[in-house]
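S.K.: Sending over model_9.txt (compact mmCIF, C-alpha atoms).
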```txt
# COMPACT_ATOMS: atom_id res chain seq x y z
CA MET A 1 137.56 59.31 -144.50
CA MET A 2 134.40 60.27 -142.65
CA ARG A 3 133.45 62.60 -145.44
CA SER A 4 133.66 59.87 -148.09
CA LYS A 5 131.28 57.69 -146.01
CA TYR A 6 128.73 60.48 -146.00
CA VAL A 7 129.09 60.99 -149.74
CA ILE A 8 128.65 57.26 -150.39
CA GLY A 9 125.64 57.18 -148.06
CA PHE A 10 124.15 60.24 -149.74
CA PHE A 11 124.47 58.71 -153.22
CA ALA A 12 123.09 55.40 -151.95
CA VAL A 13 120.01 57.20 -150.61
CA ILE A 14 119.57 59.04 -153.93
CA VAL A 15 119.86 55.79 -155.90
CA ILE A 16 117.33 54.04 -153.62
CA PHE A 17 114.98 57.01 -153.81
CA GLY A 18 115.27 57.03 -157.62
CA ALA A 19 114.53 53.30 -157.78
CA LEU A 20 111.47 53.69 -155.56
CA LEU A 21 110.26 56.66 -157.60
CA SER A 22 110.67 54.70 -160.84
CA ALA A 23 108.84 51.68 -159.43
CA GLY A 24 105.98 53.87 -158.22
CA TYR A 25 105.73 55.58 -161.59
CA GLN A 26 105.68 52.24 -163.41
CA MET A 27 102.92 50.88 -161.15
CA THR A 28 100.84 54.02 -161.63
CA TYR A 29 101.38 53.97 -165.39
CA ASN A 30 100.26 50.34 -165.61
CA ARG A 31 97.16 51.09 -163.53
CA VAL A 32 96.25 54.00 -165.83
CA LEU A 33 96.65 51.78 -168.89
CA GLU A 34 94.36 49.14 -167.34
CA ARG A 35 91.72 51.76 -166.55
CA GLN A 36 91.95 53.21 -170.05
CA ALA A 37 91.48 49.77 -171.57
CA ALA A 38 88.44 49.18 -169.35
CA ILE A 39 86.96 52.54 -170.34
CA GLU A 40 87.53 51.81 -174.03
CA ASP A 41 85.81 48.43 -173.67
CA GLN A 42 82.92 50.06 -171.87
CA SER A 43 82.63 52.87 -174.44
CA ALA A 44 82.63 50.32 -177.26
CA ASP A 45 79.66 48.65 -175.59
CA THR A 46 77.99 52.04 -175.15
CA ARG A 47 78.59 52.96 -178.80
CA SER A 48 76.89 49.79 -179.98
CA ILE A 49 73.91 50.48 -177.72
CA GLU A 50 73.76 54.08 -178.94
CA ALA A 51 73.86 52.91 -182.54
CA GLU A 52 70.91 50.61 -181.88
CA LEU A 53 69.00 53.43 -180.19
CA GLU A 54 69.74 56.10 -182.81
CA THR A 55 68.00 54.36 -185.67
CA PRO A 56 64.51 54.32 -184.15
CA LYS A 57 65.01 57.80 -182.71
CA ASP A 58 65.96 59.20 -186.12
CA GLU A 59 63.00 57.45 -187.77
CA GLY A 60 60.69 59.02 -185.21
CA LYS A 61 62.07 62.47 -185.94
CA GLU A 62 61.40 62.08 -189.64
CA GLU A 63 57.80 61.16 -188.90
CA GLY A 64 57.40 64.59 -187.28
CA GLU A 65 56.67 63.48 -183.73
CA GLY A 66 57.64 66.80 -182.18
CA TYR A 67 59.73 67.94 -179.23
CA TYR A 68 59.23 69.27 -175.73
CA LEU A 69 61.31 71.99 -174.13
CA CYS A 70 61.65 71.52 -170.40
CA GLU A 71 63.84 72.78 -167.59
CA LEU A 72 66.60 70.65 -166.03
CA GLN A 73 68.90 72.09 -163.37
CA GLY A 74 68.21 75.63 -164.53
CA PHE A 75 68.82 75.01 -168.23
CA VAL A 76 66.57 74.30 -171.22
CA VAL A 77 66.58 70.65 -172.32
CA VAL A 78 64.94 69.28 -175.48
CA TYR A 79 63.05 66.01 -175.10
CA LEU A 80 61.48 63.82 -177.76
CA SER A 81 57.71 63.53 -177.83
CA ASP A 82 57.76 60.77 -175.19
CA ARG A 83 59.04 63.44 -172.72
CA SER A 84 61.57 61.01 -171.25
CA THR A 85 64.21 60.68 -173.99
CA VAL A 86 66.62 63.62 -174.04
CA TYR A 87 67.18 64.86 -177.58
CA GLU A 88 69.58 67.70 -176.76
CA PHE A 89 71.04 69.46 -173.74
CA THR A 90 71.36 73.20 -174.28
CA GLU A 91 73.41 75.85 -172.53
CA ILE A 92 70.47 78.25 -172.40
CA PRO A 93 69.81 79.30 -168.79
CA LEU A 94 66.10 79.41 -168.01
CA THR A 95 66.57 82.73 -166.23
CA ASP A 96 67.77 84.37 -169.48
CA LEU A 97 64.40 83.76 -171.17
CA PRO A 98 61.36 86.06 -171.01
CA GLU A 99 58.94 85.30 -168.16
CA GLU A 100 56.23 84.03 -170.53
CA VAL A 101 58.64 81.58 -172.20
CA GLN A 102 59.92 80.46 -168.78
CA GLN A 103 56.36 79.54 -167.77
CA GLU A 104 55.78 77.66 -171.03
CA ILE A 105 58.99 75.69 -170.55
CA ALA A 106 58.13 74.96 -166.90
CA THR A 107 54.99 73.19 -168.10
CA GLY A 108 56.71 71.64 -171.14
CA LYS A 109 56.64 73.76 -174.29
CA TYR A 110 55.70 71.67 -177.34
CA ILE A 111 57.42 72.31 -180.69
CA SER A 112 56.09 70.38 -183.65
CA ASP A 113 59.09 70.07 -186.00
CA LYS A 114 62.86 70.28 -186.20
CA GLU A 115 62.93 73.61 -188.07
CA ALA A 116 60.83 75.33 -185.42
CA LEU A 117 62.96 73.77 -182.70
CA TYR A 118 66.23 75.02 -184.15
CA GLY A 119 64.67 78.40 -184.85
CA PHE A 120 63.72 78.69 -181.17
CA LEU A 121 67.16 77.55 -180.02
CA GLU A 122 68.93 79.99 -182.32
CA ASN A 123 66.79 82.89 -181.12
CA TYR A 124 67.46 82.30 -177.44
CA SER A 125 71.00 80.88 -177.45
CA SER A 126 72.75 84.12 -178.39
```
Show me, as structure tokens, the structure contained in the file I just sent.
M.R.:
Amino acid sequence: MMRSKYVIGFFAVIVIFGALLSAGYQMTYNRVLERQAAIEDQSADTRSIEAELETPKDEGKEEGEGYYLCELQGFVVVYLSDRSTVYEFTEIPLTDLPEEVQQEIATGKYISDKEALYGFLENYSS
């Protein structure tokens, strides 16, 4: 008799625990869905802004404005000719470059066209 009370109590605790676990999972799942929807809305806004910004940036590149190589947090970063708009982040550590090139990049190495830029990046990225 006493044993059956313990068994019933044990199963009741398991059922309650399962219900609480399910409710917690459902709440967490709903919260993740809400966050994902908010991120998608925000990224849609960002994509439209990026699309507006890409057109003038691409036109400027075709006009041959040029690029600047600078250092950012120990890596080489390519800026457009205005020296404030990032064109490309690279994975080239500044310390892997020859000393002379490091000094040029520290002051902002100018590269006149896209072919020369990609030639430089190919030479030093491998």
S.K.: When you draw a straight line from CA of Glu100 (chain A) to CA of Tyr124 (chain A), how long is it in Å?
M.R.: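 CA of Glu100 (chain A) sits 13.3 Å away from CA of Tyr124 (chain A).
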S.K.: Quote the spacing between CA of Glu99 (chain A) and CA of Leu121 (chain A) in Å to one decimal place.
M.R.: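 Between these atoms lies a distance of 16.4 Å.
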S.K.: CA of Gly66 (chain A) and CA of Ser112 (chain A), how far apart in Å?
M.R.: 4.2 Å
S.K.: Need the shell around Leu72 (chain A): protein/DNA/RNA residues with any atom at most 12 Å away, counting all atoms listed in the file. Skip same-chain ones fewer than 6 positions apart. Format as a list of chain:residue names?
M.R.: A:Val78, A:Tyr79, A:Val86, A:Glu88, A:Phe89, A:Thr90, A:Glu91, A:Ile92, A:Pro93, A:Leu94, A:Ile105, A:Ala106, A:Gly108
S.K.: Give me the residues within 10 Å of Glu104 (chain A) as a PyMOL selection string, counting all atoms listed in the file and dropping any in the same chain fewer than 6 places off.
M.R.: chain A and resi 69-70+110
S.K.: Take every atom of region 76-83 of chain A listed in the file, pad by 4 Å on each side, and give me the axis-aligned box centre and edge lengths in Å, one decimal, as JSON.
M.R.:
```
{"center_x": 62.1, "center_y": 67.5, "center_z": -174.5, "size_x": 16.9, "size_y": 21.5, "size_z": 14.6}
```
S.K.: Since the input has fewer atoms than a full residue there, write region 24-36 of chain A out with N, CA, C and O atoms, as a PDB file, in the coordinates of the input.
M.R.:
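Written file, result.pdb:
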```pdb
ATOM      1  N   GLY A  24     107.297  53.268-158.451  1.00  0.00           N
ATOM      2  CA  GLY A  24     105.980  53.870-158.220  1.00  0.00           C
ATOM      3  C   GLY A  24     105.380  54.418-159.504  1.00  0.00           C
ATOM      4  O   GLY A  24     104.188  54.244-159.778  1.00  0.00           O
ATOM      5  N   TYR A  25     106.202  55.056-160.309  1.00  0.00           N
ATOM      6  CA  TYR A  25     105.730  55.580-161.590  1.00  0.00           C
ATOM      7  C   TYR A  25     105.264  54.446-162.487  1.00  0.00           C
ATOM      8  O   TYR A  25     104.215  54.534-163.127  1.00  0.00           O
ATOM      9  N   GLN A  26     106.037  53.365-162.553  1.00  0.00           N
ATOM     10  CA  GLN A  26     105.680  52.240-163.410  1.00  0.00           C
ATOM     11  C   GLN A  26     104.370  51.603-162.959  1.00  0.00           C
ATOM     12  O   GLN A  26     103.519  51.274-163.787  1.00  0.00           O
ATOM     13  N   MET A  27     104.173  51.458-161.664  1.00  0.00           N
ATOM     14  CA  MET A  27     102.920  50.880-161.150  1.00  0.00           C
ATOM     15  C   MET A  27     101.745  51.791-161.493  1.00  0.00           C
ATOM     16  O   MET A  27     100.694  51.318-161.921  1.00  0.00           O
ATOM     17  N   THR A  28     101.903  53.074-161.320  1.00  0.00           N
ATOM     18  CA  THR A  28     100.840  54.020-161.630  1.00  0.00           C
ATOM     19  C   THR A  28     100.535  54.021-163.122  1.00  0.00           C
ATOM     20  O   THR A  28      99.373  54.031-163.532  1.00  0.00           O
ATOM     21  N   TYR A  29     101.557  53.988-163.941  1.00  0.00           N
ATOM     22  CA  TYR A  29     101.380  53.970-165.390  1.00  0.00           C
ATOM     23  C   TYR A  29     100.610  52.724-165.829  1.00  0.00           C
ATOM     24  O   TYR A  29      99.689  52.803-166.633  1.00  0.00           O
ATOM     25  N   ASN A  30     100.969  51.574-165.277  1.00  0.00           N
ATOM     26  CA  ASN A  30     100.260  50.340-165.610  1.00  0.00           C
ATOM     27  C   ASN A  30      98.793  50.400-165.179  1.00  0.00           C
ATOM     28  O   ASN A  30      97.894  49.944-165.890  1.00  0.00           O
ATOM     29  N   ARG A  31      98.539  50.972-164.019  1.00  0.00           N
ATOM     30  CA  ARG A  31      97.160  51.090-163.530  1.00  0.00           C
ATOM     31  C   ARG A  31      96.346  52.003-164.454  1.00  0.00           C
ATOM     32  O   ARG A  31      95.194  51.716-164.774  1.00  0.00           O
ATOM     33  N   VAL A  32      96.948  53.092-164.923  1.00  0.00           N
ATOM     34  CA  VAL A  32      96.250  54.000-165.830  1.00  0.00           C
ATOM     35  C   VAL A  32      95.948  53.300-167.156  1.00  0.00           C
ATOM     36  O   VAL A  32      94.857  53.449-167.718  1.00  0.00           O
ATOM     37  N   LEU A  33      96.888  52.521-167.653  1.00  0.00           N
ATOM     38  CA  LEU A  33      96.650  51.780-168.890  1.00  0.00           C
ATOM     39  C   LEU A  33      95.500  50.777-168.733  1.00  0.00           C
ATOM     40  O   LEU A  33      94.667  50.629-169.629  1.00  0.00           O
ATOM     41  N   GLU A  34      95.449  50.096-167.595  1.00  0.00           N
ATOM     42  CA  GLU A  34      94.360  49.140-167.340  1.00  0.00           C
ATOM     43  C   GLU A  34      93.016  49.860-167.292  1.00  0.00           C
ATOM     44  O   GLU A  34      92.032  49.395-167.850  1.00  0.00           O
ATOM     45  N   ARG A  35      92.975  50.991-166.623  1.00  0.00           N
ATOM     46  CA  ARG A  35      91.720  51.760-166.550  1.00  0.00           C
ATOM     47  C   ARG A  35      91.290  52.242-167.927  1.00  0.00           C
ATOM     48  O   ARG A  35      90.119  52.209-168.280  1.00  0.00           O
ATOM     49  N   GLN A  36      92.269  52.720-168.708  1.00  0.00           N
ATOM     50  CA  GLN A  36      91.950  53.210-170.050  1.00  0.00           C
ATOM     51  C   GLN A  36      91.398  52.088-170.912  1.00  0.00           C
ATOM     52  O   GLN A  36      90.446  52.291-171.661  1.00  0.00           O
TER      53      GLN A  36
END
```
